Structures are given as structure tokens and as C-alpha cells.
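So this one's coords-v5.cif, mmCIF, C-alpha atoms:
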data_query
#
loop_
_atom_site.label_atom_id
_atom_site.label_comp_id
_atom_site.auth_asym_id
_atom_site.auth_seq_id
_atom_site.Cartn_x
_atom_site.Cartn_y
_atom_site.Cartn_z
CA MET A 1 0.00 0.00 0.00
CA PRO A 2 2.75 2.43 0.78
CA GLY A 3 4.08 1.82 -2.73
CA SER A 4 0.71 2.51 -4.36
CA LEU A 5 0.35 5.64 -2.22
CA SER A 6 3.71 6.95 -3.45
CA ILE A 7 2.70 6.31 -7.05
CA LEU A 8 -0.56 8.19 -6.42
CA LYS A 9 1.29 11.15 -4.91
CA LEU A 10 3.72 11.20 -7.84
CA ALA A 11 0.81 11.14 -10.25
CA MET A 12 -0.70 14.14 -8.45
CA LEU A 13 2.60 16.04 -8.43
CA ARG A 14 3.31 15.56 -12.16
CA PRO A 15 0.82 18.15 -13.40
CA LEU A 16 2.01 20.55 -10.73
CA LEU A 17 5.65 20.09 -11.74
CA ALA A 18 4.72 20.43 -15.38
CA ALA A 19 2.88 23.66 -14.62
CA LEU A 20 5.92 24.98 -12.73
CA ALA A 21 8.19 24.01 -15.61
CA LEU A 22 5.94 25.80 -18.06
CA LEU A 23 5.90 28.82 -15.80
CA PHE A 24 9.72 29.00 -15.86
CA VAL A 25 9.80 28.54 -19.60
CA PHE A 26 7.44 31.44 -20.25
CA ALA A 27 8.37 33.62 -17.34
CA GLN A 28 12.14 33.73 -17.97
CA PRO A 29 12.03 35.27 -21.47
CA ALA A 30 9.41 37.75 -20.27
CA THR A 31 11.72 38.98 -17.51
CA ALA A 32 14.55 39.31 -20.00
CA GLN A 33 12.28 41.23 -22.33
CA ILE A 34 11.40 43.87 -19.70
CA SER A 35 15.04 44.36 -18.75
CA PHE A 36 16.30 45.06 -22.21
CA LYS A 37 13.41 46.40 -24.23
CA PRO A 38 14.52 49.91 -25.24
CA THR A 39 11.03 51.21 -25.97
CA ALA A 40 9.85 50.24 -22.50
CA GLU A 41 12.86 52.02 -21.00
CA ALA A 42 12.14 55.12 -23.08
CA VAL A 43 8.65 55.29 -21.63
CA GLN A 44 10.08 55.13 -18.12
CA GLU A 45 12.63 57.85 -18.98
CA ASP A 46 9.86 60.07 -20.29
CA LYS A 47 7.94 59.63 -17.02
CA LEU A 48 11.10 60.49 -15.13
CA LEU A 49 11.66 63.67 -17.13
CA ASN A 50 8.05 64.71 -16.71
CA ALA A 51 8.28 64.09 -12.98
CA LEU A 52 11.16 66.56 -12.70
CA LYS A 53 9.91 69.96 -11.68
CA GLU A 54 10.85 73.29 -13.17
CA GLY A 55 14.51 73.88 -12.60
CA ASP A 56 15.28 70.30 -11.57
CA LYS A 57 18.21 68.72 -13.30
CA ILE A 58 19.85 65.35 -13.75
CA SER A 59 23.46 66.03 -12.98
CA GLY A 60 26.67 64.09 -13.08
CA ARG A 61 30.10 64.94 -11.77
CA VAL A 62 32.89 66.65 -13.67
CA SER A 63 36.47 67.50 -12.85
CA ILE A 64 36.82 70.38 -15.31
CA PRO A 65 36.47 73.96 -14.03
CA ASP A 66 33.05 74.43 -15.63
CA GLY A 67 30.71 73.02 -12.97
CA ASN A 68 27.66 73.66 -15.17
CA ALA A 69 28.94 71.04 -17.61
CA ALA A 70 27.85 68.43 -15.05
CA ASN A 71 24.21 69.04 -15.97
CA LEU A 72 23.16 66.23 -18.29
CA ILE A 73 19.44 66.81 -18.61
CA GLN A 74 17.34 69.83 -17.69
CA PRO A 75 13.74 69.30 -18.78
CA ALA A 76 12.86 73.01 -18.41
CA GLY A 77 15.23 73.58 -21.31
CA ARG A 78 12.64 72.06 -23.63
CA ASP A 79 10.10 74.69 -22.61
CA TRP A 80 12.72 77.38 -23.03
CA ARG A 81 13.60 76.15 -26.52
CA ASP A 82 9.92 75.94 -27.41
CA PHE A 83 9.42 79.52 -26.22
CA HIS A 84 12.25 80.83 -28.39
CA ARG A 85 11.24 78.91 -31.47
CA SER A 86 7.48 79.29 -31.41
CA LYS A 87 6.12 81.81 -28.88
CA LEU A 88 8.73 84.57 -29.07
CA PRO A 89 8.42 85.12 -32.86
CA TRP A 90 4.68 85.57 -32.35
CA ILE A 91 5.17 88.04 -29.50
CA GLY A 92 7.69 89.98 -31.58
CA GLY A 93 5.72 89.77 -34.80
CA ILE A 94 2.46 90.93 -33.23
CA SER A 95 3.99 93.76 -31.21
CA ILE A 96 6.25 95.15 -33.95
CA LEU A 97 4.02 94.61 -36.98
CA GLY A 98 1.01 95.63 -34.87
CA MET A 99 2.69 98.91 -33.95
CA ILE A 100 3.62 99.57 -37.58
CA ALA A 101 0.01 98.93 -38.58
CA VAL A 102 -1.35 101.22 -35.84
CA LEU A 103 1.04 104.02 -36.87
CA ALA A 104 0.14 103.60 -40.54
CA ILE A 105 -3.58 103.80 -39.71
CA PHE A 106 -2.96 106.82 -37.46
CA LEU A 107 -1.08 108.57 -40.26
CA MET A 108 -3.86 107.83 -42.75
CA VAL A 109 -6.63 108.96 -40.39
CA ARG A 110 -5.00 111.87 -38.54
CA GLY A 111 -2.40 112.85 -41.10
CA ARG A 112 0.79 114.67 -40.20
CA ILE A 113 0.39 116.93 -37.18
CA ARG A 114 1.16 120.39 -38.52
CA VAL A 115 2.27 123.54 -36.75
CA GLN A 116 -1.12 125.19 -36.48
CA HIS A 117 0.07 128.78 -36.86
CA GLY A 118 2.85 127.94 -39.27
CA PHE A 119 6.57 128.44 -38.72
CA SER A 120 7.41 131.78 -37.16
CA GLY A 121 11.00 131.86 -38.32
CA ARG A 122 12.16 132.38 -34.74
CA THR A 123 13.66 129.47 -32.85
CA ILE A 124 14.26 128.48 -29.27
CA LEU A 125 16.91 126.10 -28.00
CA ARG A 126 15.24 122.87 -26.92
CA PHE A 127 18.15 120.48 -26.46
CA SER A 128 21.81 121.34 -25.91
CA SER A 129 24.52 119.70 -28.00
CA PHE A 130 25.38 117.39 -25.10
CA GLU A 131 21.75 116.29 -24.73
CA ARG A 132 21.58 115.58 -28.46
CA PHE A 133 24.88 113.72 -28.30
CA VAL A 134 23.55 111.47 -25.54
CA HIS A 135 20.25 110.95 -27.38
CA TRP A 136 21.96 109.93 -30.62
CA LEU A 137 24.51 107.79 -28.80
CA THR A 138 21.70 105.81 -27.21
CA ALA A 139 19.51 105.85 -30.32
CA SER A 140 22.21 104.72 -32.77
CA CYS A 141 23.29 101.91 -30.45
CA PHE A 142 19.65 100.94 -29.95
CA ILE A 143 19.04 100.64 -33.69
CA VAL A 144 22.02 98.33 -34.17
CA LEU A 145 21.09 96.35 -31.05
CA ALA A 146 17.49 96.03 -32.25
CA LEU A 147 18.38 94.89 -35.77
CA SER A 148 21.06 92.46 -34.62
CA GLY A 149 18.73 91.18 -31.89
CA LEU A 150 15.85 90.68 -34.31
CA ASN A 151 18.26 88.71 -36.47
CA VAL A 152 18.53 86.19 -33.64
CA SER A 153 14.77 85.65 -33.58
CA PHE A 154 13.80 86.14 -37.20
CA GLY A 155 17.04 85.90 -39.21
CA ARG A 156 16.78 82.18 -39.78
CA ILE A 157 13.28 82.55 -41.18
CA LEU A 158 13.57 85.84 -43.09
CA ILE A 159 17.20 86.47 -44.03
CA LEU A 160 18.76 83.01 -44.41
CA PRO A 161 16.64 82.11 -47.46
CA LEU A 162 17.58 85.44 -49.11
CA PHE A 163 21.32 85.54 -48.38
CA GLY A 164 22.21 81.87 -48.23
CA PRO A 165 23.99 80.12 -45.36
CA ASP A 166 27.50 81.53 -45.85
CA ALA A 167 26.52 85.19 -46.06
CA PHE A 168 23.96 84.77 -43.29
CA ALA A 169 26.51 83.12 -41.02
CA ALA A 170 29.08 85.87 -41.63
CA MET A 171 26.51 88.61 -41.15
CA SER A 172 25.18 87.02 -37.97
CA ALA A 173 28.68 86.66 -36.53
CA TRP A 174 29.40 90.37 -37.09
CA ALA A 175 25.94 91.29 -35.82
CA LYS A 176 26.59 89.34 -32.62
CA LEU A 177 29.88 91.16 -32.07
CA ALA A 178 28.19 94.52 -32.67
CA HIS A 179 25.35 93.52 -30.32
CA ASN A 180 27.72 92.47 -27.55
CA TYR A 181 29.97 95.51 -27.61
CA LEU A 182 27.57 98.33 -28.59
CA ALA A 183 25.55 97.29 -25.55
CA PHE A 184 28.09 99.13 -23.39
CA PRO A 185 27.73 102.63 -24.95
CA PHE A 186 23.96 101.99 -24.96
CA MET A 187 23.99 101.32 -21.22
CA LEU A 188 26.10 104.44 -20.70
CA GLY A 189 23.64 106.48 -22.78
CA VAL A 190 20.62 105.28 -20.78
CA ALA A 191 22.39 106.10 -17.51
CA ILE A 192 23.32 109.63 -18.63
CA MET A 193 19.82 110.29 -20.03
CA PHE A 194 18.38 109.28 -16.69
CA LEU A 195 20.65 111.71 -14.85
CA ILE A 196 20.18 114.72 -17.12
CA TRP A 197 16.42 114.42 -17.73
CA ILE A 198 15.03 112.96 -14.51
CA LYS A 199 14.26 116.43 -13.13
CA ASN A 200 11.96 117.19 -16.09
CA ASN A 201 10.22 113.81 -16.09
CA ILE A 202 8.61 113.55 -12.68
CA PRO A 203 4.89 112.87 -13.29
CA GLY A 204 2.51 115.59 -12.11
CA LYS A 205 -1.12 116.76 -12.20
CA LEU A 206 -0.51 118.49 -15.52
CA ASP A 207 0.19 115.11 -17.08
CA ILE A 208 -3.23 113.79 -16.09
CA GLU A 209 -4.89 116.67 -17.92
CA TRP A 210 -2.62 116.08 -20.93
CA ILE A 211 -3.63 112.42 -21.01
CA LYS A 212 -7.35 113.28 -20.60
CA GLN A 213 -7.10 115.45 -23.70
CA GLY A 214 -5.22 112.75 -25.59
CA GLY A 215 -2.24 115.07 -25.85
CA GLY A 216 -4.10 117.00 -28.52
CA LEU A 217 -3.03 114.31 -30.96
CA LEU A 218 -6.53 113.31 -31.92
CA SER A 219 -7.92 116.73 -32.79
CA ASN A 220 -6.63 119.77 -34.65
CA GLY A 221 -6.04 122.98 -32.79
CA ARG A 222 -6.14 121.61 -29.23
CA HIS A 223 -2.85 121.56 -27.40
CA PRO A 224 -2.95 120.80 -23.68
CA PRO A 225 -0.32 122.83 -21.83
CA ALA A 226 2.94 121.09 -21.04
CA LYS A 227 6.26 121.94 -19.52
CA ARG A 228 9.53 120.78 -21.05
CA PHE A 229 8.24 117.23 -21.49
CA ASN A 230 4.58 116.28 -21.87
CA ALA A 231 3.05 113.10 -20.45
CA GLY A 232 3.75 111.16 -23.65
CA GLN A 233 7.41 112.11 -23.62
CA LYS A 234 7.62 111.31 -19.93
CA GLY A 235 6.17 107.90 -20.72
CA ILE A 236 8.87 107.35 -23.33
CA PHE A 237 11.51 108.51 -20.84
CA TRP A 238 10.43 106.01 -18.20
CA ILE A 239 10.05 103.20 -20.72
CA VAL A 240 13.61 103.88 -21.89
CA VAL A 241 14.95 104.07 -18.34
CA ILE A 242 13.11 101.04 -16.95
CA GLY A 243 13.21 99.02 -20.17
CA GLY A 244 16.83 99.99 -20.78
CA THR A 245 17.76 98.99 -17.24
CA LEU A 246 16.05 95.61 -17.56
CA MET A 247 17.69 95.09 -20.95
CA SER A 248 21.04 96.04 -19.45
CA VAL A 249 20.76 93.76 -16.43
CA SER A 250 19.46 90.81 -18.45
CA GLY A 251 21.99 91.51 -21.20
CA TRP A 252 24.78 91.61 -18.66
CA PHE A 253 23.86 88.10 -17.58
CA LEU A 254 23.83 86.96 -21.21
CA LEU A 255 27.23 88.53 -21.81
CA PHE A 256 28.62 86.85 -18.71
CA PRO A 257 26.52 83.68 -18.49
CA TYR A 258 28.27 82.33 -15.40
CA LEU A 259 27.04 85.22 -13.26
CA PRO A 260 23.44 83.91 -12.83
CA GLY A 261 24.89 80.79 -11.26
CA ASN A 262 22.75 78.17 -12.98
CA VAL A 263 21.18 77.46 -16.32
CA THR A 264 17.60 77.95 -15.08
CA ALA A 265 18.31 81.53 -14.04
CA LEU A 266 20.09 82.13 -17.33
CA GLN A 267 17.02 80.91 -19.23
CA LEU A 268 14.85 83.30 -17.22
CA TRP A 269 17.11 86.21 -18.16
CA THR A 270 17.14 85.30 -21.85
CA VAL A 271 13.33 85.24 -21.87
CA THR A 272 13.23 88.58 -20.03
CA HIS A 273 15.73 90.07 -22.47
CA ALA A 274 13.85 88.84 -25.53
CA VAL A 275 10.31 89.82 -24.47
CA ILE A 276 11.28 93.30 -23.26
CA ALA A 277 13.32 93.80 -26.44
CA MET A 278 10.29 93.13 -28.64
CA LEU A 279 8.07 95.52 -26.66
CA PHE A 280 10.87 98.08 -26.46
CA ILE A 281 11.32 98.06 -30.24
CA ALA A 282 7.57 98.48 -30.77
CA VAL A 283 7.43 101.51 -28.43
CA MET A 284 10.50 103.07 -30.00
CA LEU A 285 8.87 102.80 -33.43
CA ALA A 286 6.10 105.04 -32.11
CA HIS A 287 8.71 107.43 -30.68
CA ILE A 288 10.58 107.55 -34.00
CA TYR A 289 7.31 108.12 -35.87
CA ILE A 290 6.10 111.05 -33.77
CA GLY A 291 9.57 112.59 -33.76
CA SER A 292 9.89 112.55 -37.53
CA VAL A 293 7.08 111.79 -39.98
CA GLY A 294 4.21 112.14 -37.53
CA MET A 295 4.76 115.71 -36.34
CA GLU A 296 5.95 118.68 -38.33
CA GLY A 297 8.85 120.48 -36.71
CA ALA A 298 9.51 117.84 -34.08
CA PHE A 299 12.72 116.45 -35.58
CA ASP A 300 14.46 119.81 -35.27
CA ALA A 301 14.56 119.33 -31.51
CA MET A 302 17.10 116.52 -31.91
CA GLY A 303 18.35 117.64 -35.34
CA THR A 304 19.65 121.15 -34.83
CA GLY A 305 18.52 121.40 -31.23
CA GLU A 306 16.42 124.48 -31.99
CA VAL A 307 12.67 124.33 -32.59
CA ASP A 308 10.37 126.91 -34.09
CA LEU A 309 8.82 129.18 -31.46
CA ASN A 310 5.29 128.50 -32.70
CA TRP A 311 5.86 124.75 -32.48
CA ALA A 312 7.21 125.17 -28.96
CA GLN A 313 4.28 127.36 -27.87
CA GLU A 314 1.76 124.89 -29.25
CA HIS A 315 3.26 121.77 -27.70
CA HIS A 316 5.16 123.07 -24.67
CA ALA A 317 3.55 126.40 -23.81
CA LEU A 318 4.53 126.37 -20.13
CA TRP A 319 8.12 125.47 -20.93
CA VAL A 320 8.35 128.41 -23.38
CA GLN A 321 7.02 130.74 -20.67
CA GLU A 322 9.62 129.41 -18.24
CA GLU A 323 12.44 129.85 -20.75
CA GLN A 324 11.32 133.35 -21.69
CA ALA A 325 11.04 134.25 -18.02
CA LYS A 326 14.59 132.98 -17.47
CA ALA A 327 15.83 134.91 -20.48
CA GLY A 328 14.03 138.03 -19.24
CA THR A 329 15.52 137.66 -15.80
CA ALA A 330 18.94 137.12 -17.29
CA ALA A 331 18.56 140.13 -19.59
CA ASP A 332 17.78 142.31 -16.57
CA ARG A 333 21.13 141.41 -15.03
CA PRO A 334 24.07 143.60 -15.96
CA ALA A 335 27.23 142.67 -17.93
CA ARG A 336 27.77 138.89 -17.91
CA ALA A 337 24.09 137.91 -18.19
CA VAL A 338 23.64 136.59 -21.70
CA PRO A 339 20.73 134.39 -22.77
CA ALA A 340 21.96 131.01 -23.89
CA GLU A 341 20.08 131.06 -27.20
CA MET B 1 24.57 116.94 -37.19
CA LYS B 2 27.83 117.35 -35.26
CA SER B 3 26.23 115.78 -32.19
CA PHE B 4 25.01 112.87 -34.30
CA VAL B 5 28.39 112.21 -35.91
CA ALA B 6 30.15 112.60 -32.57
CA ALA B 7 27.72 110.12 -31.00
CA LEU B 8 28.35 107.56 -33.76
CA ALA B 9 32.11 107.98 -33.44
CA PHE B 10 31.96 107.67 -29.66
CA ALA B 11 29.78 104.56 -29.88
CA VAL B 12 32.29 102.84 -32.18
CA VAL B 13 35.29 103.89 -30.09
CA ALA B 14 33.57 102.82 -26.87
CA ALA B 15 32.55 99.45 -28.33
CA VAL B 16 36.07 98.74 -29.62
CA GLY B 17 37.54 99.90 -26.31
CA VAL B 18 35.27 97.61 -24.30
CA ALA B 19 36.11 94.70 -26.62
CA MET B 20 39.83 95.27 -26.09
CA VAL B 21 39.47 95.57 -22.32
CA LEU B 22 37.35 92.42 -22.08
CA ASN B 23 39.74 90.50 -24.31
CA THR B 24 42.58 91.56 -22.02
CA ILE B 25 41.02 90.77 -18.66
CA GLN B 26 39.15 87.60 -19.63
CA GLU B 27 40.69 84.21 -20.28
CA PRO B 28 39.83 82.40 -23.52
CA SER B 29 37.31 79.60 -23.04
CA SER B 30 39.94 77.05 -24.09
CA VAL B 31 41.92 78.06 -21.00
CA ALA B 32 39.15 78.98 -18.56
CA PHE B 33 37.20 75.75 -18.85
CA THR B 34 39.93 73.16 -19.07
CA THR B 35 42.45 71.94 -16.58
CA THR B 36 46.10 72.02 -17.54
CA GLY B 37 46.12 68.27 -18.19
CA ALA B 38 43.44 68.57 -20.84
CA ARG B 39 44.62 71.80 -22.41
CA VAL B 40 45.80 71.58 -25.99
CA GLY B 41 48.52 73.74 -27.46
CA ASP B 42 46.55 75.01 -30.42
CA PRO B 43 42.81 74.79 -29.87
CA GLY B 44 42.10 76.00 -33.39
CA HIS B 45 39.00 77.95 -34.35
CA ASN B 46 36.25 75.64 -33.29
CA LEU B 47 33.90 76.03 -30.34
CA ILE B 48 36.67 75.80 -27.75
CA GLY B 49 39.12 77.84 -29.75
CA PRO B 50 40.06 81.51 -29.45
CA SER B 51 37.11 82.73 -31.49
#

The structure in this file should be written as C-alpha cells.
Amino acid sequence: MPGSLSILKLAMLRPLLAALALLFVFAQPATAQISFKPTAEAVQEDKLLNALKEGDKISGRVSIPDGNAANLIQPAGRDWRDFHRSKLPWIGGISILGMIAVLAIFLMVRGRIRVQHGFSGRTILRFSSFERFVHWLTASCFIVLALSGLNVSFGRILILPLFGPDAFAAMSAWAKLAHNYLAFPFMLGVAIMFLIWIKNNIPGKLDIEWIKQGGGLLSNGRHPPAKRFNAGQKGIFWIVVIGGTLMSVSGWFLLFPYLPGNVTALQLWTVTHAVIAMLFIAVMLAHIYIGSVGMEGAFDAMGTGEVDLNWAQEHHALWVQEEQAKAGTAADRPARAVPAE
Amino acid sequence: MKSFVAALAFAVVAAVGVAMVLNTIQEPSSVAFTTTGARVGDPGHNLIGPS
């Protein structure tokens, strides 16, 4: 009986052993498949990258002096690249082309703003030679910086197909050098403009009235009183000072990319630099328009420095009164008192 | 016009001056970001070279 019992047990175990054997046969290749299947690993890597938060990095260890070279993967860099390739051109295109369109419509509807009483033939000094020097220093640098900067965002799309790769590469290399080094006289110009014009650009109650009347830009014959700078010009001043400062600080970090300390901060500064640049260019287009084509007699202020007295009385009546009062006071003094202009 | 021309001239002179100063006080990337053991004699004109 014990023998028959053993045979019975063996008979019962056979299917179990067979099942175990089959399990090993099928299970072993499956385990191997999971370990080495590259597509499965790629899915896991993608989950890992998505799990990393903004600014997180996968870093290694390096022995070279550049510690940032240890960063192997920084997922936020994909967002940054996407911003530069897709969003920034839209921001720039809409703001710059939009401003050009607005100015063109304004010119068609309003026309050129004329000197209402015509030129008097008498002039008054509006800007000294030093003030004009600083203005043109900043302006000329700004134009080169703007064009060379736009080349970074739009050159590949607009200029490369026209010039070809060799000419485009050479032009871009020179443009980059000009951008890097003309940034310094631009920063100097913004700083000096701030110092010499801050006293005339403090906002006041008069500016609110000027804004309420739309600066007299929308209707003929109405000129709200203004001192040396009206609210619009004060707005331009503060945009140049604040925008120029932000461009300078962010540009400084781009010029010396190891100052921000890490690549995430550097990406933030490049985005800041690019977005402000686009808006800055759009605003400056309006400034250039109203200082040249848009308003008769306005360019003389930065051209020769002297503007027609009628122009000055229409647009800066209070400033003319102040200047004439100064000149009158000076004329009353004996000997050395000579009006400047 | 004189102010404009003077501003252009100053901008160019200032830019060239800054370039010369920076080139003097800064190390080339081929020196700054390598240790002496990995430094090559003539790095050429590629990404790690002088330009």
C-alpha cells in the first residue's frame, strides 16, 4: 500500500511540476524582455523627465572647471527652446508689426500733425549739443542692437533664405559682435539720459490733464499745456529708463553667463531680455514716428537742437514761458548775463 | 549733425575699447574651462578655440 500511495502522490505532483516548468519557460524570457526592451525604457525615462519639476536637473560629476557642464538633462530647457522657437516670434511679430500697422492707420486717419500757426521763423533752443549727443549715442546703439537682436529671432526665417547660409553666417557673426559691444555705450547712454532728464520727467497733475485730452493728438487745434516734457514724452523717458535697465541687467547676464549661477536663471534672463526687447522696439517705433514723420517740426529738436517758437508754444507752452522768463531775468542782469540762445 | 556724428564715433570707439578691455582681462574659453592636463597647445577655431 505504501508503494501505491507513493505512485498516487507522484501522479498528483506531475501536473504541478509540469505547470511549474511551463511557468519557468514562459516567465524567464518575459523577464529578460522587460530588462532590455529599449522602448519600455524610453517610456520610463519620459515619465522620469516629466516628474522633474521646473529647474530640476539630472546632474553628473565633472572634474573640469566648468561646474555647469555636469548638468546632463534639464527638462525646463525644452520649454525654453519651445518659447524661443514658437512663442517669441509671435510676440515679436504681433507687437512690432502691430505697432507699424497702428502708426500707418494713425497717419492715414489723422495725417501729419502740422504747426497750427505755421513756422514763425524764430527758434528756441530745446536740447543742448550734449543732450543731443547722448540721445543719438543711445539711439544709434539701440538701432544696431534692435536689428542684430531681431536677427537672432527672425534671421533664420527671413534672411537666411535670401542671403544663403554663408553670407547669413558671416553677417550674424558680425551682428553678434556689434550687439555684444555696442551694448556698453547703450547702457552708458541710458544712464546719462536718466541723470540729465530725470528732473523734467517727474509725473505731475498736468500730465493727467494732458492724457485726458489725448495730448491733442486726436484733434486739430487743441494743445494741452505742457512743460519741457509732456506726459507722452515722460512715458517714453520712463520706458527707456526702466526698459533699458532691464535690458542692461538681463543683457549683462547673457554677456557673462556664469554670473546667474545656474542654467535655469540664465534661461529666465534670456526670456526677459527677448520679451522686453520686442516691446521696447515696438514703443520706439512710435517714438521715431512722432519725432519725424508724424509731427511737423519735431525732428528739429534733436536735429539742430532748436525748434520753431510757434511749435514750442503749441506743444510746450509752459516750458516756453519758463524759458522766456529765465531769459528776461537774465537780460535784466548787468554785464555777464547773456541768454543762452 | 555734429552731435550725431560725434555720438556715432563715440559709440564705435567705446565698443572697440570695451572689446579690447574684455579681451585683455578675460581668459579664452579654451583656457578657462579646461584643466592644464586637458589643455591643448593650439585649440584652433572651433567652439573651444580663441574665437

With all atoms listed in the file considered, list every residue of chain A at most 8 Å from chain B, as a compact mmCIF listing (two decimals) with C-alpha atoms, keeping the file's coordinate frame.
# COMPACT_ATOMS: atom_id res chain seq x y z
CA ILE A 64 36.82 70.38 -15.31
CA PRO A 65 36.47 73.96 -14.03
CA ASP A 66 33.05 74.43 -15.63
CA SER A 129 24.52 119.70 -28.00
CA PHE A 130 25.38 117.39 -25.10
CA ARG A 132 21.58 115.58 -28.46
CA PHE A 133 24.88 113.72 -28.30
CA VAL A 134 23.55 111.47 -25.54
CA TRP A 136 21.96 109.93 -30.62
CA LEU A 137 24.51 107.79 -28.80
CA SER A 140 22.21 104.72 -32.77
CA CYS A 141 23.29 101.91 -30.45
CA ALA A 178 28.19 94.52 -32.67
CA TYR A 181 29.97 95.51 -27.61
CA LEU A 182 27.57 98.33 -28.59
CA ALA A 183 25.55 97.29 -25.55
CA PHE A 184 28.09 99.13 -23.39
CA PRO A 185 27.73 102.63 -24.95
CA GLY A 303 18.35 117.64 -35.34
CA THR A 304 19.65 121.15 -34.83

Once the PyMOL selection byres ((chain A and resi 247-261) around 12) has been evaluated on this model, what residues remain selected, and can you format them as a PyMOL selection string?
(chain A and resi 65-69+142+145-146+149+176-177+179-191+239-246+262-281) or (chain B and resi 19+22+26+32-33)

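Between CA of Ala173 (chain A) and CA of Arg81 (chain A) the interatomic distance comes to 20.9 Å.
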
Please identify all polymer residues lying at most 9 Å from the point (11.4, 133.2, -30.0) (file coordinates), using only C-alpha atoms, and present the result as a VMD selection string.
chain A and resid 120 to 124 308 to 310 320 324

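You will find CA of Leu150 (chain A) at 9.4 Å from CA of Pro89 (chain A).
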
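Picture a line from CA of Ser172 (chain A) to CA of His84 (chain A); it runs 17.2 Å.
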
Spell out the residues picked by the PyMOL selection byres ((chain A and resi 195-206) around 8) here, as a list in words.
Glu131, Ala191, Ile192, Met193, Phe194, Asp207, Ile208, Glu209, Trp210, Pro225, Ala226, Arg228, Phe229, Ala231, Lys234 and Phe237 of chain A

Store the residues picked out above, limited to C-alpha atoms, as a PDB file, in the frame of the given file.
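Heads up, here's the output in again00.pdb:
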ATOM      1  CA  GLU A 131      21.750 116.290 -24.730  1.00  0.00           C
ATOM      2  CA  ALA A 191      22.390 106.100 -17.510  1.00  0.00           C
ATOM      3  CA  ILE A 192      23.320 109.630 -18.630  1.00  0.00           C
ATOM      4  CA  MET A 193      19.820 110.290 -20.030  1.00  0.00           C
ATOM      5  CA  PHE A 194      18.380 109.280 -16.690  1.00  0.00           C
ATOM      6  CA  ASP A 207       0.190 115.110 -17.080  1.00  0.00           C
ATOM      7  CA  ILE A 208      -3.230 113.790 -16.090  1.00  0.00           C
ATOM      8  CA  GLU A 209      -4.890 116.670 -17.920  1.00  0.00           C
ATOM      9  CA  TRP A 210      -2.620 116.080 -20.930  1.00  0.00           C
ATOM     10  CA  PRO A 225      -0.320 122.830 -21.830  1.00  0.00           C
ATOM     11  CA  ALA A 226       2.940 121.090 -21.040  1.00  0.00           C
ATOM     12  CA  ARG A 228       9.530 120.780 -21.050  1.00  0.00           C
ATOM     13  CA  PHE A 229       8.240 117.230 -21.490  1.00  0.00           C
ATOM     14  CA  ALA A 231       3.050 113.100 -20.450  1.00  0.00           C
ATOM     15  CA  LYS A 234       7.620 111.310 -19.930  1.00  0.00           C
ATOM     16  CA  PHE A 237      11.510 108.510 -20.840  1.00  0.00           C
TER      17      PHE A 237
END

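Every protein, DNA or RNA residue with an atom at most 9 Å from Glu314 (chain A), where all atoms listed in the file count and chain neighbours fewer than 4 positions away do not, is listed here: A:Val115, A:Gln116, A:His117, A:Gly221, A:Arg222, A:His223, A:Pro224, A:Pro225, A:Leu309, A:Asn310.
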
Starting from the PyMOL selection byres ((chain A and resi 288-295) around 7), expand the selection into actual residues of this file and give them as a count of residues only.
12
